[in-house]
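Here the structure comes first, spelled out in structure tokens, and everything after it is commentary.
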Protein chains: 2
Amino acid sequence: MNGTIHGIGVGPGDPELVTLKAVRLARAAAVLAYPAPLEGESLARRIMAPHLDAPPLDRDRIELPIRMPLSTDRFPVNQVYDEAATTIAAHAAAGRDVAILCLGDPFFYGSFMYLFARLAEQAPVEIVPGVTSISAASARLGFPLAARSDVMTVVPALLDDAAIERHLAQAESLAILKLGRHFARIRGLLVRLGLAANARYIERASFDDERILPLDEVDPAGVPYFSLILVHRRGMAWR
Amino acid sequence: MNGTIHGIGVGPGDPELVTLKAVRLARAAAVLAYPAPLEGESLARRIMAPHLDAPPLDRDRIELPIRMPLSTDRFPVNQVYDEAATTIAAHAAAGRDVAILCLGDPFFYGSFMYLFARLAEQAPVEIVPGVTSISAASARLGFPLAARSDVMTVVPALLDDAAIERHLAQAESLAILKLGRHFARIRGLLVRLGLAANARYIERASFDDERILPLDEVDPAGVPYFSLILVHRRGMAWR
């Protein structure tokens with residue numbers, strides 16, 4: 001009798017933007033897994049924490065942080081995912097339900113995909129969708145994503161200028177994710193294309209330390225990985 | 001002392017995919033507004049219903065269905081939105097908090113945008129993001145949306161073949177929304193492009209009457225508006 005493995009989206013950052021289903025399954029799971037840095041706290045675990053600790057107190061659960069080295073070398077990273085997948089599959093085979101917490105939505109640019117690729121061959125994995133950082137950013141900025149017959153494209157900021165410009169020419173709405181060290185280049189591109197006035201910037205949307213800044217006031221040296229720009233090609237197309 | 005107006009995403013269909021924040025604000029609001037057909041039940045209201053009626057019973061609330069004629073003529077539709085916006089703004093001016101329920105995410109292809117455009121000029125409107133139909137579809141299909149440096153594009157099915165083909169050529173992942181009467185044409189296009197094996201079809205993702213079918217078993221005559229296709233240009237790029 002196998003346990004069930006759930007990949008659970010915990011939403012963009014605000015613990016209140018977790019779904020009822022995510023709370024129920026995370027509380028009920030015998031094993032709680034989540035990505036974490038080598039030292040320190042897991043963001044996904046922190047978002048879910050207020051719900052895990054709420055009374056009535058849950059029974060003991062096995063905590064399984066998946067501690068990932070900050071490395072550009074794929075080898076240690078693959079090894080961590082291999083080991084985590086093996087451990088999780090063993091818990092499920094022993095009849096324990098496993099909840100794997102994921103920032104945002106598990107199937108939308110999450111590192112969960114690496115686990116899923118390994119687990120899906122061994123055991124059924126059920127996914128609980130979550131609110132994405134893009135929806136949270138749009139809500140916090142008061143800046144709609146798409147309406148009517150709009151086309152919306154999501155691009156990671158590491159794409160080169162030519163690719164981003166091509167997408168900007170063909171979509172009414174663009175979300176440029178994971179700005180980090182790419183910010184200055186992306187801002188330059190938007191200015192050059194005359195789209196800076198149609199763009200909005202946000203960091204860590206819906207987290208406690210969220211920041212919204214006008215594009216020209218952002219210090220490129222301080223732009224975090226969890227930041228994004230939303231652009232409307234034709235301005236307020238949704239009106 | 002003005003009340004607050006909240007545009008609240010109730011998620012894709014499953015009442016458990018509502019966020020804690022959506023539940024709290026909908027229960028607390030003095031006025032509950034939602035889109036509805038001319039006769040019969042509001043889908044958004046139905047998704048929230050189990051949470052509204054849960055004990056402890058809420059105090060009386062004013063219910064404000066926004067009943068929309070099925071018309072391609074913009075005039076009556078605009079009139080309904082104008083009147084609803086006026087009524088909602090008047091409630092807020094009288095100090096009442098108003099919750100406007102929206103399917104999915106309010107800023108992602110929702111009819112809420114028409115209300116927002118009218119209200120935003122008169123009163124502050126706060127948005128509570130929700131889980132989109134795309135995330136729900138991806139979860140239910142076990143078919144990831146995007147990973148790593150993938151580009152993802154969302155297109156409404158009413159776009160012509162040339163436009164959809166152009167987007168398919170430039171994005172690793174495509175979501176084609178609101179299939180309805182466009183289904184046969186879209187399926188033909190995917191077959192012609194050799195992408196049918198990389199595509200997944202789902203109707204009413206996460207609703208009680210959800211249906212998942214192989215692309216070639218779908219009857220084009222029965223495809224509802226709330227249906228979509230997810231396509232991976234290169235197959236399982238997320239592995």
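To be explicit about the labels: the chains of the structure tokens are called A, B, and onward in the order shown, and within each one the residues are counted from 1, while ligands get numbers from 1 in the order they are shown.
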
Please, which residues of chain B lie no more than 8 Å from chain A when the count uses only C-alpha atoms, and can they be set out as a count of residues only? 46

Contacts of Tyr201 of chain B at 7 Å (only C-alpha atoms; same-chain gap of 4+ positions) as a VMD selection string: chain B and resid 212 to 215 228 to 230

At a cut-off of 9 Å, using only C-alpha atoms, what residues contact Ile88 of chain B? Leave out same-chain residues fewer than 2 positions from it and give the result as a list in words. Ile5, Val31, Ala33, Leu64, Glu83, Ala84, Ala85, Thr86, Ala90, His91, Ala92, Ala93, Val98 and Leu119 of chain B

Using DSSP assignments from the backbone, pull out every residue in segment 5-239 of chain B that falls under strand (DSSP E or B) and give it to me as number ranges by chain. B: 5-9, 11, 19, 31-37, 62-68, 98-102, 104, 108, 125-128, 146, 152-156, 173-177, 199-203, 211-213, 227-232

Neighbours of Ala36 of chain A within 6 Å (only C-alpha atoms; same-chain residues fewer than 6 positions away dropped), as a ChimeraX atom specification? /A:42,65-67

Check the DSSP output for the backbone and give back, as a count of residues only, the residues of segment 21-170 of chain A in alpha helix (DSSP H). 65

Quick one, how far is atom CA of Leu43 of chain B from atom CA of Leu25 of chain A? 25.2 Å

Could you tell me which of A:Ala28, A:Leu70, A:Met48, A:Val223 comes closest to Arg181 of chain A if we count only C-alpha atoms?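 Looking only at the distances to Arg181 of chain A, the closest residue turns out to be A:Val223.
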
Report, in Å to a single decimal, how far apart atom CA of Asp160 of chain A and atom CA of Pro35 of chain A are.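 Computed distance, atom CA of Pro35 of chain A to atom CA of Asp160 of chain A, equals 28.9 Å.
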
Closest of B:Glu63, B:Glu165, B:Asp53, B:Asp97 to Ala30 of chain B - atom-to-atom distances counting only C-alpha atoms: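 Using only C-alpha atoms, the shortest distance to Ala30 of chain B belongs to B:Asp97.
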